[in-house]
Each structure stands twice: as C-alpha cells, then as structure tokens.
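Source file: my_file_25.txt. Holds: compact mmCIF, C-alpha atoms.
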```
# COMPACT_ATOMS: atom_id res chain seq x y z
CA MET A 225 14.32 -30.64 -7.72
CA ALA A 226 15.34 -30.39 -4.07
CA ASN A 227 18.90 -31.18 -3.20
CA PRO A 228 18.68 -32.16 0.44
CA GLY A 229 21.31 -32.68 3.06
CA LYS A 230 24.47 -31.00 1.75
CA ILE A 231 26.37 -30.13 4.90
CA GLY A 232 27.61 -26.53 5.16
CA VAL A 233 25.69 -25.36 2.09
CA PRO A 234 23.00 -22.78 2.78
CA MET A 235 19.37 -23.71 2.09
CA MET A 236 17.47 -21.85 -0.59
CA ASN A 237 13.77 -22.06 -1.38
CA LEU A 238 13.05 -22.49 -5.09
CA VAL A 239 9.77 -21.12 -6.44
CA ARG A 240 8.88 -21.88 -10.04
CA LEU A 241 6.17 -19.75 -11.59
CA LYS A 242 4.74 -19.45 -15.08
CA GLY A 243 2.90 -16.47 -16.53
CA VAL A 244 2.52 -14.72 -13.17
CA PRO A 245 1.78 -10.99 -13.56
CA ILE A 246 4.94 -8.96 -13.04
CA LEU A 247 3.34 -6.75 -10.38
CA GLN A 248 2.48 -9.85 -8.33
CA GLN A 249 6.01 -11.18 -8.80
CA LEU A 250 7.61 -7.90 -7.69
CA HIS A 251 5.31 -7.60 -4.68
CA LEU A 252 6.27 -11.14 -3.67
CA GLU A 253 9.98 -10.39 -4.08
CA GLU A 254 9.82 -7.16 -2.12
CA ARG A 255 7.93 -8.86 0.69
CA LEU A 256 10.37 -11.77 0.85
CA LEU A 257 13.36 -9.41 0.83
CA ARG A 258 11.95 -7.32 3.67
CA THR A 259 10.15 -9.85 5.87
CA SER A 260 11.71 -13.29 5.30
CA SER A 261 14.95 -14.57 6.78
CA HIS A 262 15.35 -17.35 4.20
CA ASN A 263 17.17 -17.46 0.89
CA TRP A 264 15.01 -17.62 -2.25
CA CYS A 265 15.29 -18.34 -5.95
CA ILE A 266 12.24 -17.30 -7.93
CA ILE A 267 11.85 -18.21 -11.60
CA ASN A 268 8.87 -16.80 -13.52
CA ASP A 269 8.66 -18.28 -17.00
CA GLY A 270 7.02 -15.36 -18.80
CA THR A 271 4.57 -12.79 -17.53
CA ASN A 272 0.98 -12.57 -18.63
CA GLN A 273 0.85 -9.26 -20.54
CA PRO A 274 3.20 -6.60 -21.95
CA THR A 275 4.12 -4.22 -19.12
CA ILE A 276 6.66 -1.43 -18.77
CA VAL A 277 8.72 -1.64 -15.58
CA MET A 278 10.88 1.33 -14.58
CA GLY A 279 13.52 1.35 -11.86
CA VAL A 280 13.03 3.12 -8.53
CA SER A 281 13.95 6.56 -9.87
CA GLY A 282 12.42 6.21 -13.31
CA LYS A 283 10.67 9.25 -14.78
CA PRO A 284 8.15 8.36 -17.49
CA ALA A 285 8.58 11.67 -19.36
CA GLU A 286 12.26 10.89 -19.89
CA LEU A 287 12.04 7.17 -20.53
CA LEU A 288 8.82 6.48 -22.42
CA GLU A 289 7.00 7.46 -25.60
CA ILE A 290 4.03 8.27 -23.40
CA GLU A 291 1.47 9.09 -26.09
CA SER A 292 1.89 5.60 -27.57
CA VAL A 293 1.86 4.02 -24.12
CA LEU A 294 -1.39 5.80 -23.26
CA CYS A 295 -2.97 5.11 -26.63
CA ASP A 296 -2.19 1.37 -26.41
CA GLN A 297 -2.95 1.22 -22.67
CA ILE A 298 0.31 -0.43 -21.70
CA PRO A 299 0.57 -0.67 -17.90
CA VAL A 300 3.57 1.18 -16.43
CA MET A 301 5.03 0.48 -13.01
CA ARG A 302 7.92 1.61 -10.85
CA ARG A 303 9.73 -1.20 -9.05
CA PHE A 304 11.65 -1.20 -5.77
CA THR A 305 15.06 -2.02 -7.28
CA GLY A 306 17.42 0.30 -9.11
CA GLY A 307 18.35 0.21 -12.77
CA GLY A 308 16.69 0.91 -16.05
CA THR A 309 13.41 0.43 -17.88
CA VAL A 310 12.26 -2.81 -19.44
CA LEU A 311 9.23 -3.90 -21.40
CA VAL A 312 8.32 -7.38 -20.23
CA ASP A 313 5.86 -9.84 -21.77
CA PRO A 314 5.28 -13.57 -22.16
CA GLY A 315 8.67 -13.84 -23.90
CA THR A 316 10.56 -12.63 -20.81
CA ILE A 317 11.99 -15.11 -18.31
CA PHE A 318 12.69 -13.77 -14.82
CA VAL A 319 15.25 -15.17 -12.40
CA THR A 320 15.62 -13.72 -8.91
CA PHE A 321 17.96 -14.46 -6.03
CA ILE A 322 17.17 -13.16 -2.56
CA CYS A 323 19.96 -13.87 -0.07
CA ASN A 324 21.06 -13.19 3.45
CA LYS A 325 24.30 -11.26 3.26
CA ASP A 326 26.27 -14.16 4.72
CA ALA A 327 24.68 -16.75 2.44
CA VAL A 328 27.30 -16.34 -0.26
CA ALA A 329 30.76 -16.61 1.27
CA GLY A 330 33.27 -13.97 0.34
CA ILE A 331 31.01 -11.37 -1.26
CA GLN A 332 30.34 -7.98 0.27
CA PRO A 333 26.73 -6.69 0.06
CA TYR A 334 27.47 -4.05 -2.55
CA PRO A 335 26.33 -3.83 -6.20
CA GLN A 336 29.56 -4.80 -7.93
CA PRO A 337 30.47 -7.91 -5.88
CA ILE A 338 26.88 -9.20 -6.17
CA MET A 339 26.91 -8.56 -9.93
CA SER A 340 30.22 -10.43 -10.28
CA TRP A 341 28.85 -13.38 -8.33
CA SER A 342 25.77 -13.53 -10.56
CA GLY A 343 27.95 -13.23 -13.66
CA ALA A 344 29.97 -16.25 -12.52
CA LEU A 345 26.77 -18.22 -11.90
CA TYR A 346 25.44 -17.47 -15.37
CA ASN A 347 28.84 -18.30 -16.88
CA LYS A 348 28.07 -21.83 -15.73
CA VAL A 349 24.53 -21.63 -17.16
CA PHE A 350 25.73 -20.57 -20.60
CA GLN A 351 28.92 -22.61 -20.74
CA GLY A 352 29.39 -23.74 -24.32
CA ILE A 353 26.46 -21.64 -25.52
CA GLY A 354 27.14 -18.47 -27.45
CA ASP A 355 29.73 -15.87 -26.55
CA PHE A 356 28.26 -15.14 -23.09
CA HIS A 357 29.63 -12.32 -20.90
CA LEU A 358 28.70 -10.06 -18.07
CA ARG A 359 29.40 -6.75 -19.84
CA GLU A 360 29.33 -3.73 -17.51
CA ASN A 361 26.02 -4.67 -15.78
CA ASP A 362 24.31 -6.57 -18.60
CA TYR A 363 24.30 -10.17 -19.80
CA VAL A 364 25.32 -10.30 -23.45
CA PHE A 365 26.03 -12.68 -26.27
CA GLY A 366 28.89 -10.93 -28.04
CA ASP A 367 27.97 -7.27 -27.78
CA ARG A 368 24.20 -7.74 -27.73
CA LYS A 369 22.24 -7.57 -24.50
CA PHE A 370 19.71 -10.24 -23.63
CA GLY A 371 19.58 -9.91 -19.83
CA GLY A 372 19.16 -6.84 -17.63
CA ASN A 373 19.90 -6.76 -13.91
CA ALA A 374 18.75 -4.83 -10.89
CA GLN A 375 19.33 -5.04 -7.16
CA SER A 376 18.15 -3.86 -3.80
CA ILE A 377 20.39 -4.09 -0.76
CA THR A 378 19.15 -3.87 2.82
CA LYS A 379 21.08 -4.04 6.07
CA ASN A 380 21.32 -7.84 6.14
CA ARG A 381 19.95 -9.06 2.81
CA TRP A 382 20.03 -8.41 -0.89
CA ILE A 383 18.06 -9.21 -4.02
CA HIS A 384 19.48 -9.57 -7.50
CA HIS A 385 16.92 -10.05 -10.23
CA THR A 386 17.25 -10.43 -13.95
CA SER A 387 14.85 -10.16 -16.86
CA PHE A 388 15.96 -12.32 -19.77
CA LEU A 389 14.79 -11.60 -23.32
CA TRP A 390 14.06 -15.12 -24.41
CA ASP A 391 11.90 -13.48 -27.09
CA TYR A 392 10.44 -10.03 -27.69
CA GLU A 393 8.08 -8.16 -30.02
CA VAL A 394 9.93 -5.66 -32.19
CA ARG A 395 7.02 -3.21 -32.11
CA ASN A 396 7.13 -3.08 -28.27
CA MET A 397 10.55 -1.43 -28.37
CA ASP A 398 8.87 1.66 -29.82
CA TYR A 399 7.42 2.44 -26.39
CA LEU A 400 10.87 3.06 -24.94
CA LYS A 401 13.01 6.13 -25.54
CA LEU A 402 16.78 5.89 -25.71
CA PRO A 403 17.73 6.41 -22.04
CA ALA A 404 20.08 9.20 -20.95
CA ARG A 405 22.32 6.74 -19.12
CA VAL A 406 23.54 3.91 -21.30
CA PRO A 407 26.45 1.48 -20.96
CA GLU A 408 29.55 2.44 -22.90
CA TYR A 409 29.46 -0.70 -25.02
CA ARG A 410 26.05 0.31 -26.40
CA LEU A 411 27.80 2.83 -28.70
CA ALA A 412 24.70 4.85 -29.69
CA ARG A 413 22.90 1.76 -31.07
CA GLY A 414 19.12 1.80 -31.16
CA HIS A 415 17.15 -0.84 -29.23
CA LEU A 416 16.96 -3.39 -32.06
CA GLU A 417 20.69 -3.22 -32.84
CA PHE A 418 21.56 -3.47 -29.14
CA ILE A 419 19.52 -6.47 -27.95
CA CYS A 420 19.19 -10.10 -29.00
CA ARG A 421 16.96 -13.06 -28.26
CA MET A 422 17.96 -15.97 -26.01
CA LYS A 423 15.71 -18.23 -28.09
CA ASP A 424 18.36 -18.18 -30.83
CA TYR A 425 20.66 -20.04 -28.42
CA LEU A 426 18.62 -22.38 -26.24
CA SER A 427 15.09 -23.38 -25.27
CA ARG A 428 13.22 -22.00 -22.27
CA SER A 429 13.27 -25.30 -20.41
CA GLU A 430 16.97 -25.83 -21.04
CA PHE A 431 17.78 -22.35 -19.73
CA ILE A 432 15.67 -22.84 -16.61
CA ASN A 433 17.11 -26.30 -15.90
CA ARG A 434 20.67 -25.07 -16.36
CA THR A 435 19.98 -22.13 -14.04
CA ILE A 436 18.67 -24.45 -11.34
CA GLU A 437 21.71 -26.71 -11.71
CA ALA A 438 24.04 -23.70 -11.42
CA ALA A 439 22.19 -22.51 -8.29
CA LYS A 440 22.67 -25.98 -6.77
CA THR A 441 26.44 -25.44 -6.84
CA HIS A 442 25.94 -22.69 -4.23
CA PHE A 443 22.81 -23.70 -2.36
CA SER A 444 20.80 -26.67 -1.25
CA LEU A 445 17.53 -26.08 -3.09
CA ARG A 446 14.11 -26.90 -1.68
CA SER A 447 11.07 -26.48 -3.90
CA THR A 448 8.08 -24.62 -2.58
CA ASP A 449 5.01 -23.12 -4.20
CA LEU A 450 3.35 -19.74 -4.22
CA GLU A 451 0.35 -20.91 -2.21
CA ALA A 452 2.60 -22.07 0.66
CA ILE A 453 4.34 -18.68 0.75
CA GLU A 454 1.16 -16.62 0.58
CA THR A 455 -0.58 -18.48 3.40
CA THR A 456 2.25 -17.52 5.75
CA ALA A 457 2.58 -14.00 4.38
CA ASN A 458 3.17 -10.97 6.57
CA THR A 459 -0.02 -9.11 5.74
CA LYS A 460 1.18 -5.88 7.40
CA PHE A 461 3.94 -5.34 4.82
CA CYS A 462 3.17 -2.70 2.21
CA PRO A 463 5.29 -2.96 -0.97
CA SER A 464 6.58 0.17 -2.66
CA THR A 465 6.39 -1.26 -6.19
CA ARG A 466 3.28 0.16 -7.84
CA LEU A 467 1.46 0.87 -11.04
CA LEU A 468 1.48 4.46 -12.20
CA THR A 469 -1.98 5.96 -12.51
CA MET A 470 -3.46 7.28 -15.74
CA GLN A 471 -3.30 10.76 -14.22
CA GLU A 472 0.41 10.45 -13.51
CA LEU A 473 1.09 9.34 -17.08
CA GLU A 474 -1.03 12.16 -18.51
CA ILE A 475 0.84 14.72 -16.42
CA ALA A 476 4.12 13.19 -17.62
CA ALA A 477 2.89 13.39 -21.23
CA LYS A 478 2.08 17.08 -20.80
CA PHE A 479 5.51 17.68 -19.25
CA ALA A 480 7.21 15.80 -22.09
CA SER A 481 5.43 17.81 -24.79
CA GLN A 482 6.21 21.10 -23.01
CA SER A 483 9.87 20.08 -22.88
CA ASN A 484 9.75 19.33 -26.62
CA VAL A 485 8.19 22.74 -27.34
CA SER A 486 10.85 24.58 -25.31
CA LEU A 487 13.58 22.61 -27.11
CA TYR A 488 12.42 23.93 -30.47
CA GLN A 489 11.84 27.56 -29.42
CA MET B 139 48.43 -7.04 3.46
CA ALA B 140 51.75 -5.70 4.94
CA LEU B 141 51.43 -2.47 2.91
CA ARG B 142 47.85 -2.03 4.11
CA MET B 143 48.91 -2.42 7.79
CA TRP B 144 51.79 0.04 7.35
CA ALA B 145 49.52 2.53 5.63
CA SER B 146 46.94 2.21 8.37
CA SER B 147 49.43 2.82 11.21
CA THR B 148 50.97 5.73 9.29
CA ALA B 149 47.51 7.15 8.71
CA ASN B 150 46.71 6.99 12.40
CA ALA B 151 50.06 8.58 13.33
CA LEU B 152 49.86 11.52 10.95
CA ARG B 153 46.28 12.80 11.57
CA ILE B 154 46.32 15.74 9.17
CA SER B 155 43.80 18.46 10.20
CA CYS B 156 41.04 19.52 7.87
CA ALA B 157 41.25 23.31 7.41
CA SER B 158 37.51 23.96 7.17
CA LYS B 159 36.50 22.07 10.33
CA ALA B 160 39.15 22.42 13.04
CA HIS B 161 37.63 19.78 15.28
CA LEU B 162 37.46 17.13 12.55
CA SER B 163 40.63 15.50 11.26
CA PRO B 164 40.78 13.22 8.27
CA ALA B 165 42.90 10.11 8.65
CA PHE B 166 45.67 10.38 6.05
CA SER B 167 45.00 8.51 2.82
CA LEU B 168 48.03 7.41 0.84
CA SER B 169 45.94 6.75 -2.21
CA ARG B 170 42.32 6.41 -3.26
CA CYS B 171 42.61 2.72 -2.32
CA PHE B 172 41.96 3.74 1.29
CA SER B 173 38.74 5.55 2.15
CA SER B 174 38.93 8.55 4.44
CA VAL B 175 37.66 8.35 8.02
CA LEU B 176 37.24 11.52 10.04
CA ASP B 177 38.08 11.95 13.71
CA GLY B 178 35.32 13.44 15.81
CA LEU B 179 32.52 11.47 14.15
CA LYS B 180 30.88 8.26 15.30
CA TYR B 181 30.31 5.34 12.95
CA ALA B 182 27.86 2.47 12.53
CA SER B 183 28.78 -0.99 11.26
CA SER B 184 26.39 -0.34 8.34
CA HIS B 185 28.72 2.51 7.25
CA GLU B 186 26.82 5.61 8.30
CA TRP B 187 28.45 8.47 10.24
CA VAL B 188 27.04 10.73 12.97
CA LYS B 189 28.21 14.23 13.87
CA HIS B 190 26.95 15.42 17.24
CA GLU B 191 26.70 19.20 17.56
CA GLY B 192 24.52 20.43 20.39
CA PRO B 193 20.89 19.27 20.37
CA VAL B 194 21.01 17.97 16.79
CA VAL B 195 23.00 15.24 15.06
CA THR B 196 23.85 15.07 11.37
CA ILE B 197 23.95 11.74 9.55
CA GLY B 198 25.35 10.57 6.22
CA ILE B 199 27.13 7.63 4.65
CA THR B 200 30.88 7.16 4.88
CA ASP B 201 33.55 7.50 2.23
CA HIS B 202 33.98 3.71 2.41
CA ALA B 203 30.30 3.22 1.61
CA GLN B 204 30.14 5.68 -1.27
CA ASP B 205 33.29 4.20 -2.76
CA HIS B 206 31.83 0.69 -2.69
CA LEU B 207 28.43 1.79 -3.97
CA GLY B 208 29.68 3.67 -7.02
CA GLU B 209 28.13 6.76 -8.59
CA VAL B 210 24.99 7.77 -6.69
CA VAL B 211 22.26 8.77 -9.14
CA PHE B 212 19.23 9.12 -6.90
CA VAL B 213 18.54 9.62 -3.19
CA GLU B 214 15.32 8.77 -1.36
CA LEU B 215 14.91 10.86 1.78
CA PRO B 216 12.20 10.96 4.45
CA GLU B 217 10.00 13.92 5.30
CA PRO B 218 11.02 16.07 8.28
CA GLY B 219 8.87 15.41 11.33
CA GLY B 220 9.03 11.64 11.10
CA SER B 221 10.93 9.46 13.52
CA VAL B 222 13.50 6.73 13.06
CA SER B 223 14.76 3.97 15.34
CA GLN B 224 18.36 2.89 15.84
CA GLY B 225 19.38 0.60 12.98
CA GLY B 226 16.18 1.32 11.08
CA SER B 227 16.16 2.45 7.47
CA PHE B 228 15.34 6.11 6.81
CA GLY B 229 16.02 6.26 3.10
CA ALA B 230 17.95 4.80 0.22
CA VAL B 231 20.51 5.65 -2.42
CA GLU B 232 20.50 4.36 -5.99
CA SER B 233 23.82 3.60 -7.62
CA VAL B 234 24.55 1.60 -10.75
CA LYS B 235 21.62 -0.86 -10.82
CA ALA B 236 21.01 -1.02 -7.08
CA THR B 237 19.05 0.69 -4.35
CA SER B 238 20.77 0.46 -0.97
CA ASP B 239 19.08 1.21 2.33
CA VAL B 240 20.58 3.90 4.53
CA ASN B 241 20.13 3.12 8.23
CA SER B 242 20.08 5.49 11.16
CA PRO B 243 22.86 4.89 13.72
CA ILE B 244 20.63 6.30 16.47
CA SER B 245 16.94 6.89 17.09
CA GLY B 246 15.32 10.28 16.97
CA GLU B 247 13.04 12.81 15.28
CA ILE B 248 13.99 13.97 11.79
CA VAL B 249 14.27 17.77 11.86
CA GLU B 250 15.88 18.46 8.49
CA VAL B 251 16.80 16.66 5.28
CA ASN B 252 19.38 17.71 2.68
CA SER B 253 17.18 18.80 -0.20
CA LYS B 254 20.27 19.55 -2.36
CA LEU B 255 20.62 15.80 -2.84
CA VAL B 256 17.47 15.76 -5.01
CA GLU B 257 19.17 17.71 -7.80
CA SER B 258 22.75 16.73 -6.91
CA PRO B 259 22.86 13.14 -5.61
CA GLY B 260 26.54 13.00 -6.56
CA LEU B 261 27.35 15.20 -3.54
CA ILE B 262 27.32 11.94 -1.59
CA ASN B 263 30.27 10.73 -3.68
CA LYS B 264 32.14 14.06 -3.85
CA SER B 265 31.67 15.15 -0.25
CA PRO B 266 30.30 12.30 1.89
CA TYR B 267 31.08 14.01 5.23
CA GLU B 268 30.16 17.60 4.34
CA ASP B 269 27.87 18.62 1.45
CA GLY B 270 26.62 15.02 1.11
CA TRP B 271 24.99 14.91 4.57
CA MET B 272 21.56 13.29 4.47
CA ILE B 273 19.44 14.02 7.55
CA LYS B 274 19.54 15.87 10.85
CA LEU B 275 17.96 14.31 13.95
CA LYS B 276 16.98 15.37 17.41
CA PRO B 277 18.31 12.28 19.29
CA GLY B 278 15.70 10.29 21.19
CA ASN B 279 18.31 8.61 23.35
CA PRO B 280 21.76 10.30 23.28
CA SER B 281 23.34 7.34 25.10
CA GLU B 282 22.97 5.38 21.85
CA LEU B 283 25.96 7.34 20.56
CA GLU B 284 28.15 5.45 22.99
CA SER B 285 27.40 2.17 21.21
CA LEU B 286 28.88 3.49 17.96
CA MET B 287 32.49 3.19 16.79
CA GLY B 288 35.09 5.94 16.93
CA SER B 289 37.34 6.67 13.96
CA LYS B 290 40.12 4.20 14.90
CA GLU B 291 37.67 1.40 15.54
CA TYR B 292 35.78 2.10 12.31
CA THR B 293 39.00 2.22 10.26
CA LYS B 294 39.95 -1.20 11.64
CA PHE B 295 36.41 -2.47 11.01
CA CYS B 296 36.57 -1.45 7.33
CA GLU B 297 40.02 -3.01 6.87
CA GLU B 298 38.85 -6.29 8.40
CA GLU B 299 35.67 -6.30 6.34
CA ASP B 300 37.56 -5.70 3.09
CA ALA B 301 40.20 -8.28 3.99
CA ALA B 302 37.57 -10.92 4.69
CA HIS B 303 36.16 -10.67 1.16
```
Mind turning this structure into structure tokens?
Amino acid sequence: MANPGKIGVPMMNLVRLKGVPILQQLHLEERLLRTSSHNWCIINDGTNQPTIVMGVSGKPAELLEIESVLCDQIPVMRRFTGGGTVLVDPGTIFVTFICNKDAVAGIQPYPQPIMSWSGALYNKVFQGIGDFHLRENDYVFGDRKFGGNAQSITKNRWIHHTSFLWDYEVRNMDYLKLPARVPEYRLARGHLEFICRMKDYLSRSEFINRTIEAAKTHFSLRSTDLEAIETTANTKFCPSTRLLTMQELEIAAKFASQSNVSLYQ
Amino acid sequence: MALRMWASSTANALRISCASKAHLSPAFSLSRCFSSVLDGLKYASSHEWVKHEGPVVTIGITDHAQDHLGEVVFVELPEPGGSVSQGGSFGAVESVKATSDVNSPISGEIVEVNSKLVESPGLINKSPYEDGWMIKLKPGNPSELESLMGSKEYTKFCEEEDAAH
C-alpha cells in the first residue's frame, strides 16, 4: 500500500481498521489531531455495534427519540467535531483525514475550503459511479445523501471525517428525530426518502481501494497499524468525546416529555 | 488583484470613525468582500483581536475569521478563574460542520466570559468586535501585546493569506 519516495509530496500514515468501536476510533482521531505532528488517513470498515453519535453541540432531547433509545439500550455519544447526528453500525464505513494546515497546498484551514478539497478527492473516488456530488456539506448520489461530514480545526491542523452509509437498517432511523437544521436540498423529506446506500453502487473493498488511490494523488502513503500508534501514545491526553450516561439520557427524556406537554397546553 | 490593492490603500486613507467608540476606527470596507479591521485593537495571526482597557483585556475573533467560518451555531467558553497561555486554546466555535479552536493572543487569568453567546452564538457573526466578544483577561505579561499586529499589519496579513490560497 505504501507509496514511497515521491519528492515534494507530503507523507501520510494510513491506518486500516475493521469493526473497531466508534468510541475507540474517535478517541484515536482526537488524540492524533491534538498530539501528533504527522498526517493521517484512517479507514474503519464498519463499527462493531449500532451507536448514536452526536456532534459537539448535540442535545439528545432535540435530536433523539430518547424513550426508544433507552428502551433498546443504544449507546449515545457526543464527539469532538461539529455537525449533525448519525447512527453508525457495521454497515458504516469511516474515512478520516488529519492534516497539518500546510499539508494541502492552496487550502485555508476553514470549513468550506477543506470541504471543497474533500469533495474533489471523492469526485475521483466515484468517477464513473452514480451521479456523485458534494451537495452543501453532504456526499450524495443525485439528491440522496450517503455520506456525512464533520471537521475540527485547531491552530495548525485539521481533521475531516466522513461516515459513509454503505448499508443501514431501516428500523435504526426511527431513533433519530428530524433535526432543526437541515440542508436546503433535503426539502422536508423524512430519513428514508433522504438517504441512500452506497452498496447499490459499489462494493466495500472497491470503495476503500479507490479512496486509497485518490489519497495517493495528494500524499505519499505509509501503512501503519493501531498497535504501533498506541504503543507511542501520549497517555496524558484526555479526549473530549464521550458516552452520555444513563442519567443524562433520562434527564433529557424528562425534558423532552415536558416540552411535549407544554406544546399541547 | 489591482482592485484589491486600490481598495486597501483607499481603506487605509479614509479611516472612517465609529460613532459608538471614538477611539476605535473601522477601516473602510468598499463591499462585504473585504472584512473590517478596527484601529486601536491588536491582532493575532490566528485571527483573534485584543482590546486593552486598563487592567483587563477583551478578546474575540475578527471579522475576517467569522466571515470565513460561516454561521456560528455554538460557542464553547471556559469558566472564569482559569488561566490561558499565549497561543493556547481557550474555547471553540462551531460553524457549519466544524469546530474551530479559538486561541488567546496573550496569557492571563480569565475574569469574565460572554454568557450571551450561549443563547446567541450568532453575535460573533453580527458584531465580532462588540457584542460578540468572548472573554476578558487579566494579562499575565502585558509585554506580550507588543508581539501582536496592529490594524495595518493585520489587514496586510489577511490580504496576503487570502491571495496565497
């Protein structure tokens, strides 16, 4: 996989994972963003169990059908990046880029330039496959979303990570409310009319291979594994990404039902 | 590029005064393409501003920064009483799909935070130099202010940064 020795092209470490729990993945990403000086591409081919992941400012009462979440014991976490709420599971493929701000020539470390850069990279990935676009801040085939993005930008580095719906369980969408902030192109569609599956277009391995090839046009990739990273880890770093406690979710459920009562009074 | 240089030199020449704060003057903006930069403030290369009034300084992010970030939907602020070092992060703003660190131009003790930003994070977009202020510090080392840019230098810095990308 490594592409050694391209002069003038920045190095990037490639980490390929499969079925790693999303909390572990996010902790790794946050730690690499904050404590590493290298560039990283992390690909996690599915996570081990259905989990709800909110953005940094996510409020469960507003975003989730909490009674169902509590009843079915779905873990809920708040991640360190911005953006919306996703339900991830073994059918989700994650691709993350963590870069020094000078690693990609010509892009300023702000949300829109980084998003445009990623859109151009994935244009290469999906060339000849479906009607792929970056639409507002989502990856779509036509007008249906299959990839959601989020970022965190520090003084000298940034992370852009994407969760791709290679497949999903229809029933899992019932845990998510319609968010207050939606892209314009959504046009009041419910979850199932708004999203689509990447599996209808290409296989998991083909997507991952194409993504790696597209990354190689920007970086000189060097494969490394999780064990190598974790043995040199900065153990003092404390990530902000965390699971919400049962108590927090129960308080949110109470708040949500009180809001519903006041709506109908 | 020629229009940008002309606009910049015109902006510096005109220096229209801001009625509400006599000692702060906005550089003239011909259009919303050019972010406003106020005289009398100091600026960091990470696009935060500092206003020094007596024993306390006020800090926020610049018009250039808020314009590039987009609509701010959430602000993370520290608790008063904590300390921050020069260049260190004291909080973050969320805009679009991103969280972006906000860094302190100088070191000091945090004495006040703008609690209005909890309910109204958009103040950072509407009024980055006034109602959108973020924290107030008691400076730990006032000489650090000398390492920051003045308005002319910061204006040039932003133009060069935008031109390079």
Exercise. Near chain B, which residues of chain A fall within 7 Å when you count all atoms listed in the file, and what do they look like as a ChimeraX atom specification?
Worked result: /A:281,305-307,330-332,334-335,373-379
Identify the residues around (30.2, -10.4, -27.2) within a radius of 10 Å, measuring from all atoms listed in the file in the coordinates stated by the file, and give them as a PDB file with C-alpha atoms, keeping the file's coordinate frame.
```pdb
ATOM      1  CA  GLY A 354      27.140 -18.470 -27.450  1.00  0.00           C
ATOM      2  CA  ASP A 355      29.730 -15.870 -26.550  1.00  0.00           C
ATOM      3  CA  PHE A 356      28.260 -15.140 -23.090  1.00  0.00           C
ATOM      4  CA  HIS A 357      29.630 -12.320 -20.900  1.00  0.00           C
ATOM      5  CA  LEU A 358      28.700 -10.060 -18.070  1.00  0.00           C
ATOM      6  CA  ARG A 359      29.400  -6.750 -19.840  1.00  0.00           C
ATOM      7  CA  TYR A 363      24.300 -10.170 -19.800  1.00  0.00           C
ATOM      8  CA  VAL A 364      25.320 -10.300 -23.450  1.00  0.00           C
ATOM      9  CA  PHE A 365      26.030 -12.680 -26.270  1.00  0.00           C
ATOM     10  CA  GLY A 366      28.890 -10.930 -28.040  1.00  0.00           C
ATOM     11  CA  ASP A 367      27.970  -7.270 -27.780  1.00  0.00           C
ATOM     12  CA  ARG A 368      24.200  -7.740 -27.730  1.00  0.00           C
ATOM     13  CA  LYS A 369      22.240  -7.570 -24.500  1.00  0.00           C
ATOM     14  CA  TYR A 409      29.460  -0.700 -25.020  1.00  0.00           C
TER      15      TYR A 409
END
```
For this session: Considering all atoms listed in the file, return as an MDAnalysis selection string whatever protein or nucleic-acid residues lie within 10 Å of Lys348 of chain A, sequence-local ones (same chain, fewer than 4 positions apart) excluded.
Result: chainID A and resid 343:344 352:353 356 434:435 437:439 441
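Picture a line from atom CA of Pro243 of chain B to atom CA of Lys264 of chain B; it runs 21.9 Å.
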Seminar exercise, completed: Using only C-alpha atoms, the best pick from A:Leu411, A:Val319, A:Ala285, A:Ile246 as closest to Ala477 of chain A would be A:Ala285
For this session: Find the residues around Ile244 of chain B up to 8 Å (all atoms listed in the file counted), leave out those fewer than 5 positions away in its own chain, and share them as a ChimeraX atom specification.
Result: /B:222-225,277-280,282-283
For this session: Calculate how many Å separate atom CA of Gly260 of chain B from atom CA of Val210 of chain B, rounding to one decimal.
Result: 5.5 Å
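Here atom CA of Gly371 of chain A stands at a distance of 26.0 Å from atom CA of Asp205 of chain B.
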Problem set entry | Nearest to Leu287 of chain A, chosen from A:Arg258, A:Ser429, A:Leu400, A:Phe321, with all atoms listed in the file counted in the distances |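 Smallest separation from Leu287 of chain A among the options: A:Leu400.
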Problem set entry | Residue nearest Asp424 of chain A - candidates A:Leu389, A:Leu288, A:Ile453, A:Cys265, atoms counted: only C-alpha atoms | A:Leu389
Just need the box for segment 223-237 of chain B, edges along x, y and z, holding every atom the file lists for it with 5 Å tacked onto each side, so centre and edge lengths in Å to one decimal, as JSON.
```
{"center_x": 19.7, "center_y": 2.6, "center_z": 2.5, "size_x": 19.8, "size_y": 17.3, "size_z": 36.7}
```
For this session: May I ask which of the residues A:Phe370, A:Cys462, A:Ser340, A:Ile432 is the closest one to Glu417 of chain A, counting only C-alpha atoms?
Result: A:Phe370
Exercise. Neighbours of Pro274 of chain A within 8 Å (only C-alpha atoms; same-chain residues fewer than 2 positions away dropped), as a ChimeraX atom specification?
Worked result: /A:271-272,276,298-299,311-314
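Proximity to Glu289 of chain A was assessed for A:Ser483, A:Glu454, A:Phe443, A:Lys401 counting all atoms listed in the file; the smallest distance is recorded for A:Lys401.
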Exercise. From the set A:Met422, A:Val300, A:Val244, A:Ile436, which residue has the shortest atom-to-atom contact distance to Leu345 of chain A, counting all atoms listed in the file?
Worked result: A:Ile436
